[in-house]
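Enquirer: Got a file for you: start_19.tsv, TSV, C-alpha atoms.
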chain	number	residue	atom	x	y	z
W	20	MET	CA	-25.54	207.02	15.17
W	21	ARG	CA	-28.28	206.79	17.78
W	22	THR	CA	-30.50	203.78	17.07
W	23	ASP	CA	-33.51	204.75	19.17
W	24	THR	CA	-34.64	207.00	16.30
W	25	VAL	CA	-34.22	205.48	12.84
W	26	LEU	CA	-34.45	207.55	9.70
W	27	PRO	CA	-34.96	205.91	6.30
W	28	ILE	CA	-31.74	204.04	5.50
W	29	THR	CA	-30.32	203.56	2.00
W	30	ARG	CA	-28.71	200.25	1.08
W	31	SER	CA	-25.26	201.84	0.98
W	32	ALA	CA	-25.76	203.31	4.48
W	33	PHE	CA	-27.29	200.20	6.02
W	34	PRO	CA	-24.03	198.47	7.08
W	35	ALA	CA	-23.06	201.58	9.06
W	36	ALA	CA	-26.47	201.58	10.77
W	37	VAL	CA	-25.96	197.94	11.78
W	38	ASP	CA	-22.42	198.68	12.96
W	39	ALA	CA	-23.68	201.52	15.15
W	40	THR	CA	-26.44	199.36	16.59
W	41	LEU	CA	-24.02	196.52	17.30
W	42	ALA	CA	-21.49	198.89	18.86
W	43	ASP	CA	-24.24	200.30	21.11
W	44	TYR	CA	-25.03	196.77	22.27
W	45	PHE	CA	-21.43	196.00	23.22
W	46	VAL	CA	-21.22	199.32	25.08
W	47	ALA	CA	-24.40	198.45	26.98
W	48	ARG	CA	-22.83	195.13	28.12
W	49	ARG	CA	-19.48	196.62	29.06
W	50	SER	CA	-20.07	197.42	32.73
W	51	ALA	CA	-21.41	193.93	33.47
W	52	VAL	CA	-18.49	192.38	31.58
W	53	THR	CA	-15.91	194.52	33.39
W	54	GLU	CA	-17.43	193.65	36.75
W	55	ILE	CA	-16.89	189.94	36.09
W	56	GLY	CA	-13.16	190.32	35.53
W	57	ALA	CA	-10.30	191.65	33.43
W	58	ASP	CA	-9.66	188.40	31.52
W	59	PHE	CA	-13.31	188.19	30.48
W	60	ALA	CA	-13.35	191.84	29.47
W	61	GLU	CA	-10.24	191.37	27.35
W	62	ALA	CA	-11.74	188.35	25.60
W	63	VAL	CA	-15.04	190.15	24.96
W	64	ALA	CA	-13.12	193.07	23.49
W	65	GLU	CA	-11.71	190.68	20.90
W	66	LEU	CA	-15.21	189.40	20.13
W	67	GLU	CA	-16.39	193.00	19.72
W	68	TRP	CA	-13.48	193.75	17.40
W	69	PHE	CA	-14.19	190.60	15.40
W	70	ALA	CA	-17.93	191.37	15.07
W	71	LEU	CA	-17.42	195.01	14.10
W	72	ARG	CA	-14.61	194.72	11.57
W	73	GLY	CA	-15.59	194.02	7.98
W	74	GLY	CA	-18.63	192.09	6.90
W	75	LYS	CA	-21.33	193.18	4.48
W	76	ARG	CA	-24.18	192.89	7.04
W	77	THR	CA	-26.04	190.73	4.54
W	78	ARG	CA	-28.30	188.97	7.03
W	79	PRO	CA	-29.61	192.07	8.81
W	80	ALA	CA	-30.12	193.71	5.41
W	81	PHE	CA	-32.36	190.87	4.20
W	82	ALA	CA	-34.31	190.93	7.47
W	83	TRP	CA	-34.77	194.71	7.31
W	84	THR	CA	-35.88	194.59	3.68
W	85	GLY	CA	-38.24	191.72	4.50
W	86	TRP	CA	-39.84	193.98	7.12
W	87	LEU	CA	-40.16	196.89	4.69
W	88	GLY	CA	-41.49	194.65	1.91
W	89	ALA	CA	-44.24	193.41	4.22
W	90	GLY	CA	-45.37	196.97	4.94
W	91	GLY	CA	-43.13	197.84	7.86
W	92	ALA	CA	-42.22	201.48	8.43
W	93	ALA	CA	-38.74	202.72	7.57
W	94	SER	CA	-38.58	205.14	10.49
W	95	GLY	CA	-39.95	205.69	13.99
W	96	PRO	CA	-39.81	203.78	17.30
W	97	ALA	CA	-41.00	200.49	15.77
W	98	ALA	CA	-38.30	200.70	13.11
W	99	ALA	CA	-35.65	201.27	15.78
W	100	ALA	CA	-36.70	198.06	17.54
W	101	VAL	CA	-36.72	196.17	14.24
W	102	LEU	CA	-33.22	197.40	13.40
W	103	ARG	CA	-31.97	196.09	16.75
W	104	ALA	CA	-33.69	192.74	16.15
W	105	CYS	CA	-32.18	192.49	12.67
W	106	THR	CA	-28.74	193.37	14.02
W	107	ALA	CA	-28.91	190.39	16.39
W	108	LEU	CA	-28.32	188.26	13.30
W	109	GLU	CA	-24.74	189.58	13.22
W	110	LEU	CA	-24.08	187.91	16.56
W	111	ILE	CA	-25.39	184.63	15.14
W	112	GLN	CA	-23.00	185.20	12.24
W	113	ALA	CA	-20.12	185.92	14.63
W	114	CYS	CA	-20.78	182.64	16.44
W	115	ALA	CA	-20.95	180.71	13.17
W	116	LEU	CA	-17.73	182.22	11.80
W	117	VAL	CA	-15.70	181.76	14.98
W	118	HIS	CA	-16.73	178.12	15.27
W	119	ASP	CA	-16.44	177.48	11.53
W	120	ASP	CA	-12.85	178.75	11.53
W	121	ILE	CA	-12.01	176.31	14.32
W	122	ILE	CA	-13.64	173.40	12.51
W	123	ASP	CA	-11.87	174.25	9.24
W	124	GLY	CA	-8.54	175.09	10.84
W	125	SER	CA	-8.63	178.48	9.11
W	126	ARG	CA	-5.92	180.95	10.04
W	127	ASN	CA	-7.31	184.08	8.40
W	128	ARG	CA	-10.71	185.77	8.21
W	129	ARG	CA	-11.37	189.09	6.45
W	130	GLY	CA	-7.64	189.67	6.17
W	131	PHE	CA	-6.96	189.18	9.91
W	132	PRO	CA	-5.95	186.18	12.04
W	133	THR	CA	-8.95	184.12	13.13
W	134	VAL	CA	-10.06	184.31	16.75
W	135	HIS	CA	-8.53	181.01	17.83
W	136	VAL	CA	-5.23	181.96	16.16
W	137	THR	CA	-5.27	185.36	17.86
W	138	PHE	CA	-5.64	183.84	21.32
W	139	ALA	CA	-3.06	181.13	20.62
W	140	ALA	CA	-0.58	183.87	19.70
W	141	GLN	CA	-1.49	185.80	22.84
W	142	HIS	CA	-0.85	182.69	24.96
W	143	ALA	CA	2.56	182.15	23.33
W	144	ASP	CA	3.57	185.81	23.61
W	145	ARG	CA	2.81	185.88	27.33
W	146	GLY	CA	4.62	182.63	28.05
W	147	TRP	CA	1.62	181.05	29.74
W	148	SER	CA	1.52	177.40	30.75
W	149	GLY	CA	-0.16	174.68	28.70
W	150	GLY	CA	-0.58	174.43	24.96
W	151	ALA	CA	-1.09	177.69	23.07
W	152	ALA	CA	-3.17	176.10	20.29
W	153	ARG	CA	-5.51	174.43	22.75
W	154	PHE	CA	-5.92	177.68	24.69
W	155	GLY	CA	-6.78	179.49	21.46
W	156	VAL	CA	-9.41	176.94	20.45
W	157	ASN	CA	-10.97	176.76	23.92
W	158	THR	CA	-11.24	180.54	24.19
W	159	ALA	CA	-12.71	180.91	20.73
W	160	ILE	CA	-15.31	178.20	21.35
W	161	LEU	CA	-16.50	180.01	24.47
W	162	LEU	CA	-16.60	183.38	22.72
W	163	GLY	CA	-18.65	181.85	19.91
W	164	ASP	CA	-21.04	180.49	22.53
W	165	LEU	CA	-21.23	183.93	24.12
W	166	ALA	CA	-22.08	185.51	20.76
W	167	LEU	CA	-24.93	183.03	20.33
W	168	ALA	CA	-26.26	183.74	23.83
W	169	TRP	CA	-26.02	187.49	23.31
W	170	ALA	CA	-27.82	187.19	19.97
W	171	ASP	CA	-30.81	185.81	21.88
W	172	ASP	CA	-30.50	188.57	24.46
W	173	MET	CA	-30.32	191.25	21.78
W	174	LEU	CA	-33.37	189.93	19.95
W	175	HIS	CA	-35.48	189.66	23.09
W	176	GLY	CA	-34.33	193.03	24.36
W	177	ALA	CA	-34.77	194.83	21.05
W	178	GLY	CA	-38.07	196.40	22.05
W	179	LEU	CA	-40.42	194.48	19.75
W	180	ASP	CA	-44.02	194.39	20.93
W	181	SER	CA	-45.19	191.14	22.48
W	182	ALA	CA	-47.21	190.04	19.45
W	183	ALA	CA	-44.26	190.53	17.10
W	184	LEU	CA	-41.91	188.72	19.48
W	185	THR	CA	-44.34	185.79	19.66
W	186	ARG	CA	-44.41	185.59	15.85
W	187	VAL	CA	-40.63	185.82	15.61
W	188	GLN	CA	-39.68	183.23	18.21
W	189	PRO	CA	-40.39	180.07	16.15
W	190	VAL	CA	-38.57	181.58	13.15
W	191	TRP	CA	-35.55	182.41	15.29
W	192	SER	CA	-35.58	178.96	16.88
W	193	ALA	CA	-35.79	177.19	13.51
W	194	MET	CA	-32.94	179.29	12.11
W	195	ARG	CA	-30.58	178.46	14.99
W	196	THR	CA	-31.36	174.75	14.71
W	197	GLU	CA	-30.91	174.76	10.93
W	198	VAL	CA	-27.52	176.47	10.90
W	199	LEU	CA	-26.15	174.12	13.56
W	200	ALA	CA	-27.60	171.12	11.74
W	201	GLY	CA	-26.02	172.29	8.50
W	202	GLN	CA	-22.64	172.72	10.17
W	203	LEU	CA	-22.90	169.25	11.71
W	204	MET	CA	-23.82	167.74	8.33
W	205	ASP	CA	-20.77	169.46	6.85
W	206	VAL	CA	-18.51	167.92	9.50
W	207	PHE	CA	-19.99	164.47	8.83
W	208	GLY	CA	-19.66	165.07	5.08
W	209	GLU	CA	-15.95	165.79	5.28
W	210	ALA	CA	-15.36	162.71	7.43
W	211	GLY	CA	-17.62	160.32	5.50
W	212	THR	CA	-17.80	158.96	1.99
W	213	ASP	CA	-20.90	160.68	0.59
W	214	GLU	CA	-19.64	162.67	-2.40
W	215	SER	CA	-23.01	163.31	-4.03
W	216	VAL	CA	-24.14	166.65	-5.39
W	217	ARG	CA	-27.49	166.09	-3.66
W	218	THR	CA	-25.90	165.93	-0.20
W	219	ALA	CA	-23.67	168.94	-0.88
W	220	MET	CA	-26.72	170.94	-1.94
W	221	ARG	CA	-28.58	169.88	1.20
W	222	ILE	CA	-25.70	171.09	3.36
W	223	ASN	CA	-25.77	174.42	1.50
W	224	ARG	CA	-29.50	174.67	2.14
W	225	TYR	CA	-29.16	174.42	5.91
W	226	LYS	CA	-25.63	175.61	6.66
W	227	THR	CA	-25.89	178.81	4.63
W	228	ALA	CA	-29.14	179.53	2.77
W	229	ALA	CA	-31.45	179.21	5.76
W	230	TYR	CA	-29.71	181.73	8.01
W	231	THR	CA	-28.29	183.99	5.29
W	232	VAL	CA	-31.38	184.85	3.26
W	233	GLU	CA	-34.44	182.67	3.87
W	234	ARG	CA	-34.89	183.02	7.64
W	235	PRO	CA	-33.76	186.67	7.83
W	236	LEU	CA	-36.48	187.53	5.29
W	237	HIS	CA	-38.91	185.37	7.24
W	238	LEU	CA	-37.87	187.13	10.44
W	239	GLY	CA	-38.59	190.59	8.99
W	240	ALA	CA	-41.90	189.43	7.56
W	241	ALA	CA	-42.93	187.84	10.86
W	242	ILE	CA	-42.21	191.05	12.76
W	243	ALA	CA	-44.44	192.90	10.29
W	244	GLY	CA	-47.23	190.31	10.58
W	245	ALA	CA	-47.00	189.42	6.88
W	246	PRO	CA	-49.58	187.10	5.29
W	247	ALA	CA	-48.74	183.44	4.70
W	248	ASP	CA	-48.40	183.80	0.93
W	249	LEU	CA	-45.73	186.50	1.20
W	250	ILE	CA	-43.83	184.47	3.80
W	251	ALA	CA	-43.93	181.44	1.49
W	252	ASP	CA	-42.62	183.51	-1.44
W	253	TYR	CA	-39.91	185.10	0.71
W	254	ARG	CA	-38.78	181.67	1.87
W	255	ALA	CA	-38.71	180.22	-1.65
W	256	PHE	CA	-36.80	183.23	-2.95
W	257	GLY	CA	-34.49	183.13	0.07
W	258	THR	CA	-33.70	179.45	-0.35
W	259	ASP	CA	-32.75	179.84	-4.01
W	260	ILE	CA	-30.69	182.98	-3.50
W	261	GLY	CA	-29.09	181.61	-0.33
W	262	ILE	CA	-27.94	178.45	-2.09
W	263	ALA	CA	-26.67	180.50	-5.03
W	264	PHE	CA	-24.79	182.66	-2.49
W	265	GLN	CA	-23.07	179.56	-1.10
W	266	LEU	CA	-22.28	178.20	-4.57
W	267	ARG	CA	-20.55	181.51	-5.31
W	268	ASP	CA	-18.64	181.03	-2.05
W	269	ASP	CA	-17.63	177.55	-3.22
W	270	LEU	CA	-16.13	179.03	-6.38
W	271	LEU	CA	-14.36	181.78	-4.42
W	272	GLY	CA	-12.96	179.18	-2.01
W	273	VAL	CA	-11.05	177.63	-4.92
W	274	PHE	CA	-10.61	180.44	-7.45
W	275	GLY	CA	-10.92	183.61	-5.34
W	276	ASP	CA	-8.28	186.32	-5.08
W	277	PRO	CA	-6.87	186.35	-1.51
W	278	ALA	CA	-6.44	190.13	-1.70
W	279	VAL	CA	-10.21	190.41	-2.16
W	280	THR	CA	-11.57	187.45	-0.14
W	281	GLY	CA	-9.25	187.88	2.86
W	282	LYS	CA	-8.50	184.15	2.90
W	283	PRO	CA	-5.71	182.11	1.28
W	284	SER	CA	-6.61	180.91	-2.21
W	285	GLY	CA	-7.51	177.23	-2.44
W	286	ASP	CA	-8.32	176.86	1.25
W	287	ASP	CA	-11.43	174.79	0.49
W	288	LEU	CA	-9.22	172.23	-1.28
W	289	ARG	CA	-6.75	172.09	1.61
W	290	GLU	CA	-9.59	171.72	4.11
W	291	GLY	CA	-11.28	168.99	2.05
W	292	LYS	CA	-14.64	170.78	1.93
W	293	ARG	CA	-17.29	168.63	0.25
W	294	THR	CA	-18.68	171.41	-1.89
W	295	VAL	CA	-20.98	171.15	-4.88
W	296	LEU	CA	-18.01	172.24	-7.01
W	297	LEU	CA	-15.97	169.27	-5.83
W	298	ALA	CA	-18.94	166.88	-6.05
W	299	VAL	CA	-19.54	167.84	-9.69
W	300	ALA	CA	-15.83	167.53	-10.50
W	301	LEU	CA	-15.67	164.03	-8.98
W	302	GLN	CA	-18.88	162.97	-10.70
W	303	ARG	CA	-17.50	164.04	-14.08
W	304	ALA	CA	-14.04	162.61	-13.46
W	305	ASP	CA	-15.51	159.24	-12.45
W	306	ALA	CA	-17.38	159.16	-15.76
W	307	THR	CA	-14.59	160.34	-18.06
W	308	ASP	CA	-11.17	160.36	-16.38
W	309	PRO	CA	-10.57	157.90	-13.50
W	310	ALA	CA	-6.98	159.14	-13.07
W	311	ALA	CA	-8.26	162.68	-12.49
W	312	ALA	CA	-10.79	161.36	-9.98
W	313	GLN	CA	-8.03	159.54	-8.12
W	314	LEU	CA	-5.89	162.69	-8.06
W	315	LEU	CA	-8.74	164.75	-6.66
W	316	ARG	CA	-9.54	162.25	-3.92
W	317	ARG	CA	-5.87	161.86	-3.01
W	318	SER	CA	-5.24	165.60	-2.90
W	319	ILE	CA	-8.18	167.25	-1.15
W	320	GLY	CA	-7.84	167.70	2.58
W	321	THR	CA	-4.02	167.72	2.48
W	322	ASP	CA	-1.43	170.46	2.92
W	323	LEU	CA	-1.28	171.53	-0.71
W	324	ASP	CA	1.35	173.97	-1.92
W	325	ASP	CA	0.44	176.71	-4.40
W	326	ALA	CA	1.52	174.65	-7.41
W	327	ALA	CA	-0.68	171.73	-6.36
W	328	VAL	CA	-3.64	174.07	-5.82
W	329	GLU	CA	-3.13	175.48	-9.31
W	330	ARG	CA	-3.06	171.96	-10.82
W	331	LEU	CA	-6.34	171.11	-9.11
W	332	ARG	CA	-7.91	174.40	-10.23
W	333	THR	CA	-6.97	173.60	-13.82
W	334	LEU	CA	-8.35	170.08	-13.51
W	335	ILE	CA	-11.65	171.27	-12.00
W	336	THR	CA	-12.00	173.81	-14.79
W	337	GLU	CA	-11.19	171.28	-17.53
W	338	LEU	CA	-13.79	168.89	-16.11
W	339	GLY	CA	-16.41	171.63	-16.57
W	340	ALA	CA	-17.27	171.74	-12.87
W	341	ALA	CA	-16.80	175.50	-12.53
W	342	ASP	CA	-19.07	176.15	-15.52
W	343	ASP	CA	-21.63	173.74	-14.07
W	344	VAL	CA	-21.71	175.65	-10.77
W	345	GLU	CA	-21.98	178.98	-12.61
W	346	SER	CA	-25.01	177.59	-14.46
W	347	ARG	CA	-26.58	176.48	-11.17
W	348	ILE	CA	-26.06	179.96	-9.73
W	349	ALA	CA	-27.73	181.55	-12.76
W	350	GLU	CA	-30.68	179.14	-12.68
W	351	LEU	CA	-31.27	179.54	-8.94
W	352	THR	CA	-31.02	183.32	-9.18
W	353	GLU	CA	-33.47	183.48	-12.07
W	354	ARG	CA	-35.95	181.21	-10.31
W	355	GLY	CA	-35.66	183.13	-7.07
W	356	LEU	CA	-36.24	186.46	-8.78
W	357	THR	CA	-39.26	185.09	-10.63
W	358	THR	CA	-40.76	184.10	-7.28
W	359	LEU	CA	-39.96	187.50	-5.80
W	360	HIS	CA	-41.49	189.46	-8.66
W	361	ARG	CA	-44.79	187.60	-8.45
W	362	SER	CA	-44.98	188.11	-4.68
W	363	SER	CA	-46.98	190.73	-2.79
W	364	ALA	CA	-43.83	192.45	-1.47
W	365	THR	CA	-43.86	196.18	-2.07
W	366	PRO	CA	-42.38	197.32	-5.41
W	367	ALA	CA	-39.60	199.18	-3.60
W	368	ALA	CA	-38.65	196.07	-1.62
W	369	GLN	CA	-38.76	193.94	-4.77
W	370	ALA	CA	-36.32	196.31	-6.45
W	371	GLU	CA	-34.07	196.34	-3.40
W	372	LEU	CA	-34.12	192.55	-3.01
W	373	THR	CA	-33.36	192.12	-6.71
W	374	ALA	CA	-30.25	194.28	-6.33
W	375	MET	CA	-29.26	192.43	-3.16
W	376	ALA	CA	-29.70	189.04	-4.82
W	377	GLU	CA	-27.55	190.06	-7.75
W	378	ALA	CA	-24.86	191.43	-5.42
W	379	ALA	CA	-24.88	188.24	-3.32
W	380	THR	CA	-24.61	185.88	-6.28
W	381	ARG	CA	-22.13	187.84	-8.41
W	382	ARG	CA	-19.73	188.95	-5.69
W	383	SER	CA	-15.95	188.56	-5.69
W	384	ALA	CA	-15.53	188.32	-1.91
Any chance you could put this one into structure tokens?
Expert:
Amino acid sequence: MRTDTVLPITRSAFPAAVDATLADYFVARRSAVTEIGADFAEAVAELEWFALRGGKRTRPAFAWTGWLGAGGAASGPAAAAVLRACTALELIQACALVHDDIIDGSRNRRGFPTVHVTFAAQHADRGWSGGAARFGVNTAILLGDLALAWADDMLHGAGLDSAALTRVQPVWSAMRTEVLAGQLMDVFGEAGTDESVRTAMRINRYKTAAYTVERPLHLGAAIAGAPADLIADYRAFGTDIGIAFQLRDDLLGVFGDPAVTGKPSGDDLREGKRTVLLAVALQRADATDPAAAQLLRRSIGTDLDDAAVERLRTLITELGAADDVESRIAELTERGLTTLHRSSATPAAQAELTAMAEAATRRSA
């Protein structure tokens, strides 16, 4: 698909449009990459493969719909530039996922080995010197950094007019800062002793909600020159739906089907993630069952076998934590949709964002 001329794109066709735009970008960088050297080109090929395989293209879709809802055109030269700008969010996502997998020690992503695992295996297969695991981590860190740098390049080279780019820059800057702050808070949370629901929700707000829904919508609205009231409503809607999205992810990280999620079941328990689900379970166990609380604290963040994961799943369910998180998802989704429906976004965009919100908060992967 050529992305210099954009025709109206349906929601079902949008991921393919993003894929084509992203593929075009990697092709455009290929000669410069190849000129630098074969090792670099080989590593970038893995980044390209990682960025292009799988993924629902959620962030570009929210940005694109934010643009349309603020009166942006669905086709023409301006739309082509907007699509490229929205697609840059996938490189932010690639950076976040590559680094997140290193931090969490994850071995699988979307049904494939994670980037650091891939390069560690490559090192071992070729009999290179030094530690394979360290080589894998070092390479993946640098590729994540490259994805972040190229996201900036893609945004600034998308072809937006100067006024739109000026409006977008502070939104883009805030989003990058927020996602890194959220990730850092998550690292501190796993190492520290703060087990509160409030802190877990704050991490969700910045680590996920801001760059998944809120800021992408804000980005699209800023490109379109949307009024302040629509931007405020988009951000409120985006925060609620983004947090609900992460709460669904918390449930899938414990109860999800690996065949659907592409990750081993119970990984969040093995990694010791301080999720809202775990915070609620601990809060309830402290109040009603100290032995259960002790078991949870002793177990999370350890190398749990499948039987141990199943015992913890049962305990979390019996404590009512899963039902509590489901209720939070429902409440946040309802509040977010109420905000959306009273906003000045176009009726078509409201309908589209409603469907997207429901898909994001009810998903199984």
Enquirer: Residues near Leu41 of chain W, anyone? I mean within 9 Å using only C-alpha atoms, not counting same-chain ones fewer than 2 positions away, as a CSV table (one decimal) with C-alpha atoms, in the coordinates of the input.
Expert:
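Printed below is out.csv as written:
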chain,number,residue,atom,x,y,z
W,36,ALA,CA,-26.5,201.6,10.8
W,37,VAL,CA,-26.0,197.9,11.8
W,38,ASP,CA,-22.4,198.7,13.0
W,39,ALA,CA,-23.7,201.5,15.2
W,43,ASP,CA,-24.2,200.3,21.1
W,44,TYR,CA,-25.0,196.8,22.3
W,45,PHE,CA,-21.4,196.0,23.2
W,46,VAL,CA,-21.2,199.3,25.1
W,67,GLU,CA,-16.4,193.0,19.7
W,70,ALA,CA,-17.9,191.4,15.1
W,71,LEU,CA,-17.4,195.0,14.1
W,103,ARG,CA,-32.0,196.1,16.8
W,106,THR,CA,-28.7,193.4,14.0
W,107,ALA,CA,-28.9,190.4,16.4
W,109,GLU,CA,-24.7,189.6,13.2
W,110,LEU,CA,-24.1,187.9,16.6
Enquirer: Report, in Å to a single decimal, how far apart atom CA of Ala139 of chain W and atom CA of Asp58 of chain W are.
Expert: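 Rounded to one decimal, the two atoms are 14.7 Å apart.
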Enquirer: In Å, rounded to a single decimal, give me how far atom CA of Thr77 of chain W is from atom CA of Leu162 of chain W.
Expert: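 Going from atom CA of Leu162 of chain W over to atom CA of Thr77 of chain W covers 21.8 Å.
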Enquirer: Find the distance between atom CA of Phe256 of chain W and atom CA of Arg195 of chain W and write it in Å to one decimal.
Expert: 19.6 Å
Enquirer: Rank nothing, just name the residue among W:Ala364, W:Ala298, W:Ala306, W:Leu161 nearest to Thr212 of chain W, using all atoms listed in the file.
Expert: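 Counting all atoms listed in the file, the residue closest to Thr212 of chain W is W:Ala298.
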Enquirer: As a list in words, please: the residues near Pro79 of chain W (cut-off 7 Å, all atoms listed in the file, same-chain neighbours under 6 positions excluded).
Expert: Cys105, Thr106, Leu108 and Pro235 of chain W
Enquirer: Would you kindly return, as a list in words, each protein, DNA or RNA residue with an atom no farther than 6 Å from any atom of Thr231 of chain W, considering only C-alpha atoms and excluding same-chain residues fewer than 3 positions away?
Expert: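 Contacts, with the query itself left out: Arg78, Thr227 and Ala228 of chain W.
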Enquirer: Find the residue from W:Gly201, W:Leu87, W:Ile111, W:Arg317 that sits nearest to Asp172 of chain W; use all atoms listed in the file when measuring.
Expert: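 With all atoms listed in the file as the atom set, the closest residue is W:Ile111.
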Enquirer: What's around His237 of chain W at 12 Å? Count all atoms listed in the file, leave out sequence neighbours fewer than 5 positions away in its own chain, and write the answer as number ranges by chain.
Expert: W: 78-79, 81-89, 105, 186-191, 193-194, 229-232, 242-258
Enquirer: Could you pull the residues within 10 Å of Arg347 of chain W, counting only C-alpha atoms, minus those fewer than 3 positions along the same chain, as an MDAnalysis selection string?
Expert: chainID W and resid 262:263 266:267 295 341:344 350:353
Enquirer: Taking all atoms listed in the file into account, which of W:Glu329, W:Asp322, W:Asp287, W:Asp276 comes nearest Ser383 of chain W?
Expert: W:Asp276
Enquirer: Find, counting only C-alpha atoms, the residue in W:Ile260, W:Val156, W:Ala312, W:Ile28 that gets nearest to Ala93 of chain W.
Expert: W:Ile28
Enquirer: Determine the nearest neighbour of Arg303 of chain W from the options W:Ala200, W:Ala62, W:Leu331, W:Ala340, counting all atoms listed in the file.
Expert: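 Of all the options, W:Ala340 lies closest to Arg303 of chain W.
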Enquirer: Save segment 322-344 of chain W from what I just supplied, as a tab-separated table (two decimals), in the first residue's frame, atoms limited to C-alpha atoms.
Expert:
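Writing done, so here's out17.tsv:
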chain	number	residue	atom	x	y	z
W	322	ASP	CA	10.17	-19.40	39.85
W	323	LEU	CA	6.70	-20.85	40.26
W	324	ASP	CA	5.74	-24.13	38.63
W	325	ASP	CA	2.33	-24.55	37.00
W	326	ALA	CA	0.78	-26.09	40.12
W	327	ALA	CA	1.92	-23.16	42.27
W	328	VAL	CA	0.55	-20.68	39.73
W	329	GLU	CA	-2.79	-22.47	39.79
W	330	ARG	CA	-2.89	-22.34	43.61
W	331	LEU	CA	-2.27	-18.60	43.55
W	332	ARG	CA	-4.91	-18.09	40.84
W	333	THR	CA	-7.44	-19.91	43.01
W	334	LEU	CA	-6.46	-17.87	46.06
W	335	ILE	CA	-6.71	-14.55	44.19
W	336	THR	CA	-10.13	-15.55	42.89
W	337	GLU	CA	-11.39	-16.66	46.32
W	338	LEU	CA	-10.25	-13.36	47.82
W	339	GLY	CA	-12.51	-11.57	45.31
W	340	ALA	CA	-9.61	-9.66	43.74
W	341	ALA	CA	-10.43	-10.70	40.18
W	342	ASP	CA	-14.05	-9.61	40.58
W	343	ASP	CA	-12.88	-6.32	42.09
W	344	VAL	CA	-10.67	-5.60	39.07
